[in-house]
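Participant: To start, I am sharing the structure in question, which I have written as structure tokens.
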Protein chains: 2
Amino acid sequence: MATIDSAPAPASAGRLRVAVPSVAERVAQELRRQLAEGTLIPGARLTESTIAEDLGVSRNTVREAFAELASERLVVRHPNRGVFVASLGAEDIHDVYTVRRFIEVSAMRGGGSPEDVAAVRAAVEEGKRAAAAGDDEAGGTANQHFHGAIVAMARSPRLNTVMAQVLAEMRLFFHKATADALFYQRYLPDNEAICEALEAGELDRAADLLLAYLDRSEDNLAAVHGE
Amino acid sequence: MATIDSAPAPASAGRLRVAVPSVAERVAQELRRQLAEGTLIPGARLTESTIAEDLGVSRNTVREAFAELASERLVVRHPNRGVFVASLGAEDIHDVYTVRRFIEVSAMRGGGSPEDVAAVRAAVEEGKRAAAAGDDEAGGTANQHFHGAIVAMARSPRLNTVMAQVLAEMRLFFHKATADALFYQRYLPDNEAICEALEAGELDRAADLLLAYLDRSEDNLAAVHGE
DNA sequence: ATCGAAGGATTGTTGAACAATCCGTAGATT
DNA sequence: AATCTACGGATTGTTCAACAATCCTTCGAT
């Protein structure tokens with residue numbers, strides 16, 4: 001399949017160091033892409049030699065990429081058996097939402113700078129445009145931007161990392177749920193209301209709305225899972 | 001230096017599968033130990049070949065261990081330059097405490113089952129014993145158990161993981177601070193008060209006390225850092 | 001003193017090899 | 001027929017050796 005030689009060759013001209021990511025990093029990136037895109041479905045097995053050949057890299061390099069993805073919980077290692085695309089069970093969904101409740105709600109109560117709030121607003125508008133265009137994929141992305149922007153208000157690199165990983169895990173799961181075209185649109189009014197409360201400086205109310213949203217979202221997802 | 005063949009040989013008798021950790025995992029564990037113990041000081045460089053020889057494993061295996069430690073932020077990778085023991089700057093300390101405020105305080109407001117509360121109490125008593133014995137190392141460990149137990153009340157594997165990583169990062173930094181023998185003892189009364197509020201079911205008060213403790217602790221640590 | 005060109009050392013990556021482990025299947029046993 | 005055991009194939013875990021790419025230092029020239 002597609003090779004990973006995407007980065008422009010370190011050709012002649014530019015003397016500006018661009019920090020080309022390592023091969024292992026590019027492999028991880030490519031796998032992340034396929035994971036998010038849904039090419040690799042949860043539970044699928046990833047064979048080292050196959051991927052190594054497909055991407056034209058060594059098995060050892062694939063192995064390093066696996067280690068990275070495993071640390072992000074996107075794949076699971078079964079010793080001596082191989083790595084598999086992570087599949088979230090009911091407990092995992094609940095746990096992910098627990099993390100989100102902890103982090104997002106606290107971030108909301110802390111508020112953010114005007115630029116941070118503007119970023120939240122921008123994500124809401126992005127969602128509206130996606131809905132208008134009927135683009136579900138973009139709608140999901142916008143929703144993740146919305147929640148990412150909320151956490152970003154805390155300006156904490158570590159919290160941002162945690163949140164990014166959790167959102168990546170959710171994206172992995174959503175390929176079952178997104179069959180419902182209205183899944184994201186349903187939450188647009190919530191995002192709008194939360195954002196307005198935030199812009200008005202009513203942080204506690206915004207946090208309460210966000211909490212209610214998360215609870216409802218979890219229930220919906222659990223229902224989809226149970227079907 | 002010391003080899004890593006610690007696990008009892010997969011001898012004859014036992015048919016019970018014990019899941020021997022992989023070599024890479026044992027290397028990571030050994031490095032974690034040295035990191036926590038202070039043998040490896042922040043900023044120190046870890047040369048692949050040296051460690052490979054010292055532990056009697058291959059360079060590739062060391063590399064896998066590095067990847068794991070890097071994902072835990074215990075070491076930092078500088079591309080083409082090597083990996084270094086992470087050293088926390090002022091921003092990092094603040095960030096770590098931000099994470100702790102988010103997670104610990106929320107967990108406290110959520111409360112926990114009687115067993116979970118008992119675990120918190122046990123950590124407090126552990127700290128008292130360590131103080132009585134004048135054992136600073138044990139005091140630090142007890143303190144980490146205390147805060148770990150608070151987060152454990154949320155019964156969230158992912159939050160526990162995040163907290164464990166943050167505590168590991170702090171341990172890395174504390175080797176400067178622990179010169180002050182009273183560093184941990186100073187916080188014993190706080191832990192006691194927080195625990196009592198928790199046991200009394202006064203979650204909000206316990207959370208407020210915890211928050212105040214975290215703020216004070218951060219200030220102290222920042223002061224130590226600045227000296 | 002500044003700059004640039006070797007030189008050496010270390011990382012990044014590859015390829016091949018082998019041991020260890022797992023899985024499925026075919027036979028043997030009851 | 002069902003269960004157990006042994007075997008074989010496939011994949012992972014780990015090692016080793018090599019080489020390219022990159023960085024740091026030193027040396028020398030300007």
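Just remember, in the structure tokens the first chain shown is A, the second B, etc., residues are 1-based per chain, and ligands are 1-based in the order shown.
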Identify every residue of chain A that has at least one atom within 12 Å of any atom of chain B, counting only C-alpha atoms, and report the result as a count of residues only.
Facilitator: 60
Participant: Within 9 Å of chain A, which residues of chain C show up? Give each one with its shortest atom-to-atom distance in Å (one decimal) and the two atoms involved, counting only C-alpha atoms (C1' of nucleotides), rows by chain then rising residue number, as a tab-separated table.
Facilitator:
```
residue	atom	partner	partner_atom	distance
C:DG12	C1'	A:Ser22	CA	7.9
C:DT13	C1'	A:Thr61	CA	7.3
C:DT14	C1'	A:Ser58	CA	6.1
C:DG15	C1'	A:Ser58	CA	7.9
C:DA20	C1'	A:Asn80	CA	8.7
C:DT21	C1'	A:Asn80	CA	6.0
C:DC22	C1'	A:Arg81	CA	6.7
```
Participant: Which residues of chain D have any atom within 7 Å of an atom in chain B when counting only C-alpha atoms (C1' of nucleotides), and what is the closest pair of atoms for each, with the distance in Å to one decimal? Order the rows by chain and rising number and write it as a Markdown table.
Facilitator:
```
| residue | atom | partner | partner_atom | distance |
| --- | --- | --- | --- | --- |
| D:DT15 | C1' | B:Ser58 | CA | 6.0 |
| D:DT22 | C1' | B:Asn80 | CA | 6.0 |
| D:DC23 | C1' | B:Arg81 | CA | 6.7 |
```
Participant: Hey, can you spit out that residue selection with C-alpha atoms (C1' of nucleotides) as a PDB file, in the first residue's frame?
Facilitator:
```
ATOM      1  C1'  DT D  15      20.121 -10.072  19.316  1.00  0.00           C
ATOM      2  C1'  DT D  22      23.597  13.751  12.259  1.00  0.00           C
ATOM      3  C1'  DC D  23      25.835  16.203  15.800  1.00  0.00           C
TER       4       DC D  23
END
```
Participant: How many Å lie between atom CA of Gly139 of chain B and atom CA of Ala168 of chain B, rounded to one decimal?
Facilitator: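 Computed distance, atom CA of Gly139 of chain B to atom CA of Ala168 of chain B, equals 15.2 Å.
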Participant: Neighbours of Ala86 of chain B within 7 Å (only C-alpha atoms (C1' of nucleotides); same-chain residues fewer than 4 positions away dropped), as a list in words?
Facilitator: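 Selected residues are Pro42, Gly43, Arg73, Leu74, Val75 and Val76 of chain B.
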Participant: Just list as a PDB file with all heavy atoms, in the first residue's frame whatever in segment 20-180 of chain A DSSP marks as strand (DSSP E or B).
Facilitator:
```pdb
ATOM      1  N   ARG A  45      -6.076  -7.062  13.802  1.00  0.00           N
ATOM      2  CA  ARG A  45      -4.721  -7.369  14.185  1.00  0.00           C
ATOM      3  C   ARG A  45      -3.734  -6.668  13.270  1.00  0.00           C
ATOM      4  O   ARG A  45      -3.939  -6.591  12.065  1.00  0.00           O
ATOM      5  CB  ARG A  45      -4.500  -8.869  14.099  1.00  0.00           C
ATOM      6  CG  ARG A  45      -3.087  -9.254  14.431  1.00  0.00           C
ATOM      7  CD  ARG A  45      -2.923 -10.734  14.431  1.00  0.00           C
ATOM      8  NE  ARG A  45      -1.624 -11.107  14.943  1.00  0.00           N
ATOM      9  CZ  ARG A  45      -1.278 -12.351  15.170  1.00  0.00           C
ATOM     10  NH1 ARG A  45      -2.141 -13.320  14.955  1.00  0.00           N
ATOM     11  NH2 ARG A  45      -0.079 -12.618  15.621  1.00  0.00           N
ATOM     12  N   LEU A  46      -2.670  -6.169  13.853  1.00  0.00           N
ATOM     13  CA  LEU A  46      -1.636  -5.509  13.070  1.00  0.00           C
ATOM     14  C   LEU A  46      -0.382  -6.380  13.079  1.00  0.00           C
ATOM     15  O   LEU A  46       0.286  -6.510  14.098  1.00  0.00           O
ATOM     16  CB  LEU A  46      -1.326  -4.134  13.664  1.00  0.00           C
ATOM     17  CG  LEU A  46      -2.516  -3.180  13.721  1.00  0.00           C
ATOM     18  CD1 LEU A  46      -2.102  -1.843  14.304  1.00  0.00           C
ATOM     19  CD2 LEU A  46      -3.107  -2.990  12.332  1.00  0.00           C
ATOM     20  N   VAL A  75      -3.660   1.195  20.377  1.00  0.00           N
ATOM     21  CA  VAL A  75      -3.545  -0.239  20.121  1.00  0.00           C
ATOM     22  C   VAL A  75      -3.217  -0.932  21.441  1.00  0.00           C
ATOM     23  O   VAL A  75      -2.766  -0.300  22.391  1.00  0.00           O
ATOM     24  CB  VAL A  75      -2.448  -0.558  19.085  1.00  0.00           C
ATOM     25  CG1 VAL A  75      -2.711   0.153  17.776  1.00  0.00           C
ATOM     26  CG2 VAL A  75      -1.085  -0.201  19.632  1.00  0.00           C
ATOM     27  N   VAL A  76      -3.454  -2.219  21.456  1.00  0.00           N
ATOM     28  CA  VAL A  76      -3.189  -3.001  22.660  1.00  0.00           C
ATOM     29  C   VAL A  76      -2.193  -4.088  22.317  1.00  0.00           C
ATOM     30  O   VAL A  76      -2.303  -4.730  21.274  1.00  0.00           O
ATOM     31  CB  VAL A  76      -4.483  -3.636  23.194  1.00  0.00           C
ATOM     32  CG1 VAL A  76      -4.213  -4.360  24.496  1.00  0.00           C
ATOM     33  CG2 VAL A  76      -5.551  -2.594  23.372  1.00  0.00           C
ATOM     34  N   ARG A  77      -1.223  -4.255  23.194  1.00  0.00           N
ATOM     35  CA  ARG A  77      -0.239  -5.313  22.979  1.00  0.00           C
ATOM     36  C   ARG A  77      -0.629  -6.550  23.753  1.00  0.00           C
ATOM     37  O   ARG A  77      -0.798  -6.500  24.973  1.00  0.00           O
ATOM     38  CB  ARG A  77       1.132  -4.844  23.457  1.00  0.00           C
ATOM     39  CG  ARG A  77       1.891  -4.038  22.448  1.00  0.00           C
ATOM     40  CD  ARG A  77       3.364  -3.942  22.869  1.00  0.00           C
ATOM     41  NE  ARG A  77       4.209  -4.510  21.844  1.00  0.00           N
ATOM     42  CZ  ARG A  77       5.056  -3.792  21.119  1.00  0.00           C
ATOM     43  NH1 ARG A  77       5.149  -2.510  21.311  1.00  0.00           N
ATOM     44  NH2 ARG A  77       5.792  -4.371  20.208  1.00  0.00           N
ATOM     45  N   HIS A  78      -0.741  -7.664  23.073  1.00  0.00           N
ATOM     46  CA  HIS A  78      -0.896  -8.946  23.745  1.00  0.00           C
ATOM     47  C   HIS A  78       0.433  -9.671  23.591  1.00  0.00           C
ATOM     48  O   HIS A  78       0.754 -10.098  22.471  1.00  0.00           O
ATOM     49  CB  HIS A  78      -2.032  -9.757  23.116  1.00  0.00           C
ATOM     50  CG  HIS A  78      -3.392  -9.205  23.389  1.00  0.00           C
ATOM     51  ND1 HIS A  78      -4.361  -9.902  24.061  1.00  0.00           N
ATOM     52  CD2 HIS A  78      -3.937  -8.008  23.096  1.00  0.00           C
ATOM     53  CE1 HIS A  78      -5.450  -9.170  24.166  1.00  0.00           C
ATOM     54  NE2 HIS A  78      -5.228  -8.018  23.581  1.00  0.00           N
ATOM     55  N   GLY A  82       0.722 -10.320  19.502  1.00  0.00           N
ATOM     56  CA  GLY A  82       0.614  -9.246  18.526  1.00  0.00           C
ATOM     57  C   GLY A  82      -0.091  -8.023  19.075  1.00  0.00           C
ATOM     58  O   GLY A  82      -0.508  -8.005  20.226  1.00  0.00           O
ATOM     59  N   VAL A  83      -0.198  -7.011  18.237  1.00  0.00           N
ATOM     60  CA  VAL A  83      -0.907  -5.804  18.648  1.00  0.00           C
ATOM     61  C   VAL A  83      -2.223  -5.737  17.889  1.00  0.00           C
ATOM     62  O   VAL A  83      -2.299  -6.130  16.728  1.00  0.00           O
ATOM     63  CB  VAL A  83      -0.066  -4.533  18.401  1.00  0.00           C
ATOM     64  CG1 VAL A  83       1.375  -4.743  18.822  1.00  0.00           C
ATOM     65  CG2 VAL A  83      -0.151  -4.113  16.969  1.00  0.00           C
ATOM     66  N   PHE A  84      -3.225  -5.230  18.569  1.00  0.00           N
ATOM     67  CA  PHE A  84      -4.551  -5.156  17.994  1.00  0.00           C
ATOM     68  C   PHE A  84      -5.074  -3.740  18.134  1.00  0.00           C
ATOM     69  O   PHE A  84      -4.763  -3.047  19.118  1.00  0.00           O
ATOM     70  CB  PHE A  84      -5.492  -6.118  18.701  1.00  0.00           C
ATOM     71  CG  PHE A  84      -5.054  -7.562  18.624  1.00  0.00           C
ATOM     72  CD1 PHE A  84      -4.059  -8.046  19.452  1.00  0.00           C
ATOM     73  CD2 PHE A  84      -5.619  -8.418  17.688  1.00  0.00           C
ATOM     74  CE1 PHE A  84      -3.645  -9.372  19.372  1.00  0.00           C
ATOM     75  CE2 PHE A  84      -5.213  -9.737  17.599  1.00  0.00           C
ATOM     76  CZ  PHE A  84      -4.223 -10.221  18.441  1.00  0.00           C
ATOM     77  N   VAL A  85      -5.876  -3.324  17.186  1.00  0.00           N
ATOM     78  CA  VAL A  85      -6.510  -2.025  17.304  1.00  0.00           C
ATOM     79  C   VAL A  85      -7.384  -2.059  18.546  1.00  0.00           C
ATOM     80  O   VAL A  85      -8.155  -3.006  18.734  1.00  0.00           O
ATOM     81  CB  VAL A  85      -7.360  -1.715  16.059  1.00  0.00           C
ATOM     82  CG1 VAL A  85      -8.042  -0.368  16.214  1.00  0.00           C
ATOM     83  CG2 VAL A  85      -6.500  -1.750  14.813  1.00  0.00           C
TER      84      VAL A  85
END
```
Participant: As an exercise, work out the distance from atom CA of Leu211 of chain A to atom CA of Leu198 of chain A in Å and give it to one decimal place.
Facilitator: 13.5 Å
Participant: Calculate how many Å separate atom CA of Ser87 of chain B from atom CA of Ala164 of chain B, rounding to one decimal.
Facilitator: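 So the answer is 17.6 Å.
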Participant: Considering only helix (DSSP H, G or I) as DSSP defines it on the backbone, what residues of chain B qualify? List them as a PyMOL selection string.
Facilitator: chain B and resi 23-37+48-55+59-71+90-110+114-133+136-152+157-177+185-199+203-226
Participant: Within 10 Å of Ala206 of chain A, counting only C-alpha atoms (C1' of nucleotides), which residues show up once you throw out same-chain ones fewer than 6 positions away? Write them as JSON, numbers by chain, please.
Facilitator: {"A": [105, 108, 109, 111, 191, 193, 194, 195, 196, 197, 198, 199, 200, 212]}
Participant: Segment 126-130 of chain A: which residues within 12 Å, counting only C-alpha atoms (C1' of nucleotides), same-chain residues fewer than 5 positions away excluded, as an MDAnalysis selection string?
Facilitator: chainID A and resid 119:121 135:147 181:182 184:192
Participant: Any chance you could export the current selection's N, CA, C and O atoms as a CSV table (one decimal), in the first residue's frame?
Facilitator:
```
chain,number,residue,atom,x,y,z
A,119,ALA,N,-11.3,31.0,20.8
A,119,ALA,CA,-11.0,29.7,20.1
A,119,ALA,C,-12.2,28.8,20.3
A,119,ALA,O,-12.5,28.0,19.4
A,120,VAL,N,-12.8,28.8,21.5
A,120,VAL,CA,-14.0,28.0,21.8
A,120,VAL,C,-15.1,28.4,20.8
A,120,VAL,O,-15.7,27.6,20.2
A,121,ARG,N,-15.3,29.7,20.7
A,121,ARG,CA,-16.3,30.2,19.8
A,121,ARG,C,-16.1,29.8,18.4
A,121,ARG,O,-17.0,29.4,17.7
A,135,ASP,N,-21.6,17.9,6.4
A,135,ASP,CA,-20.4,17.1,6.5
A,135,ASP,C,-20.2,16.5,7.9
A,135,ASP,O,-19.8,17.2,8.8
A,136,ASP,N,-20.5,15.2,8.1
A,136,ASP,CA,-20.5,14.6,9.4
A,136,ASP,C,-19.0,14.5,9.9
A,136,ASP,O,-18.8,14.8,11.1
A,137,GLU,N,-18.2,14.1,9.0
A,137,GLU,CA,-16.8,14.0,9.4
A,137,GLU,C,-16.2,15.3,10.0
A,137,GLU,O,-15.6,15.4,11.0
A,138,ALA,N,-16.5,16.4,9.2
A,138,ALA,CA,-16.1,17.7,9.7
A,138,ALA,C,-16.8,18.1,11.0
A,138,ALA,O,-16.2,18.8,11.9
A,139,GLY,N,-18.1,17.6,11.1
A,139,GLY,CA,-18.8,17.9,12.3
A,139,GLY,C,-18.1,17.3,13.6
A,139,GLY,O,-18.0,17.9,14.6
A,140,GLY,N,-17.7,16.1,13.4
A,140,GLY,CA,-17.0,15.4,14.5
A,140,GLY,C,-15.7,16.1,14.8
A,140,GLY,O,-15.4,16.3,16.0
A,141,THR,N,-15.0,16.5,13.8
A,141,THR,CA,-13.7,17.2,14.1
A,141,THR,C,-14.0,18.5,14.8
A,141,THR,O,-13.3,18.8,15.8
A,142,ALA,N,-15.0,19.2,14.4
A,142,ALA,CA,-15.3,20.5,15.0
A,142,ALA,C,-15.7,20.3,16.5
A,142,ALA,O,-15.3,21.0,17.4
A,143,ASN,N,-16.4,19.2,16.7
A,143,ASN,CA,-16.8,18.9,18.1
A,143,ASN,C,-15.6,18.6,19.0
A,143,ASN,O,-15.5,19.1,20.1
A,144,GLN,N,-14.6,17.9,18.4
A,144,GLN,CA,-13.4,17.7,19.2
A,144,GLN,C,-12.6,18.9,19.4
A,144,GLN,O,-12.0,19.2,20.4
A,145,HIS,N,-12.7,19.8,18.4
A,145,HIS,CA,-12.0,21.1,18.5
A,145,HIS,C,-12.6,21.9,19.7
A,145,HIS,O,-12.0,22.5,20.5
A,146,PHE,N,-13.9,21.8,19.7
A,146,PHE,CA,-14.7,22.5,20.8
A,146,PHE,C,-14.2,22.1,22.1
A,146,PHE,O,-13.8,22.9,23.0
A,147,HIS,N,-14.2,20.8,22.4
A,147,HIS,CA,-13.8,20.3,23.7
A,147,HIS,C,-12.3,20.5,23.9
A,147,HIS,O,-11.9,20.7,25.1
A,181,ALA,N,-26.3,10.1,11.1
A,181,ALA,CA,-25.8,11.3,10.5
A,181,ALA,C,-26.1,12.5,11.4
A,181,ALA,O,-25.4,13.5,11.3
A,182,LEU,N,-27.0,12.4,12.3
A,182,LEU,CA,-27.4,13.6,13.1
A,182,LEU,C,-26.6,13.6,14.4
A,182,LEU,O,-26.9,14.4,15.3
A,184,TYR,N,-23.8,14.4,15.5
A,184,TYR,CA,-23.1,15.6,16.0
A,184,TYR,C,-24.0,16.8,16.0
A,184,TYR,O,-24.0,17.7,16.9
A,185,GLN,N,-24.8,16.9,15.0
A,185,GLN,CA,-25.7,18.1,14.9
A,185,GLN,C,-26.6,18.2,16.1
A,185,GLN,O,-26.9,19.3,16.6
A,186,ARG,N,-26.9,17.1,16.7
A,186,ARG,CA,-27.8,17.1,17.9
A,186,ARG,C,-27.2,17.9,19.0
A,186,ARG,O,-27.9,18.5,19.8
A,187,TYR,N,-25.9,18.0,19.0
A,187,TYR,CA,-25.2,18.7,20.1
A,187,TYR,C,-24.9,20.1,19.8
A,187,TYR,O,-24.3,20.8,20.7
A,188,LEU,N,-25.2,20.5,18.7
A,188,LEU,CA,-24.8,21.9,18.3
A,188,LEU,C,-25.4,22.9,19.3
A,188,LEU,O,-24.7,23.9,19.7
A,189,PRO,N,-26.7,22.8,19.5
A,189,PRO,CA,-27.3,23.8,20.5
A,189,PRO,C,-26.6,23.8,21.8
A,189,PRO,O,-26.5,24.8,22.4
A,190,ASP,N,-26.2,22.6,22.3
A,190,ASP,CA,-25.5,22.6,23.6
A,190,ASP,C,-24.2,23.4,23.5
A,190,ASP,O,-24.0,24.2,24.4
A,191,ASN,N,-23.5,23.1,22.5
A,191,ASN,CA,-22.2,23.8,22.3
A,191,ASN,C,-22.4,25.3,22.3
A,191,ASN,O,-21.7,26.1,23.0
A,192,GLU,N,-23.4,25.7,21.6
A,192,GLU,CA,-23.8,27.1,21.5
A,192,GLU,C,-24.1,27.7,22.8
A,192,GLU,O,-23.5,28.7,23.2
```
Participant: For DC23 of chain C, which residue out of D:DC16, D:DA29, D:DC7, D:DC24 is the nearest one, using only C-alpha atoms (C1' of nucleotides)?
Facilitator: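 Of the candidates, the smallest distance to DC23 of chain C is held by D:DC7.
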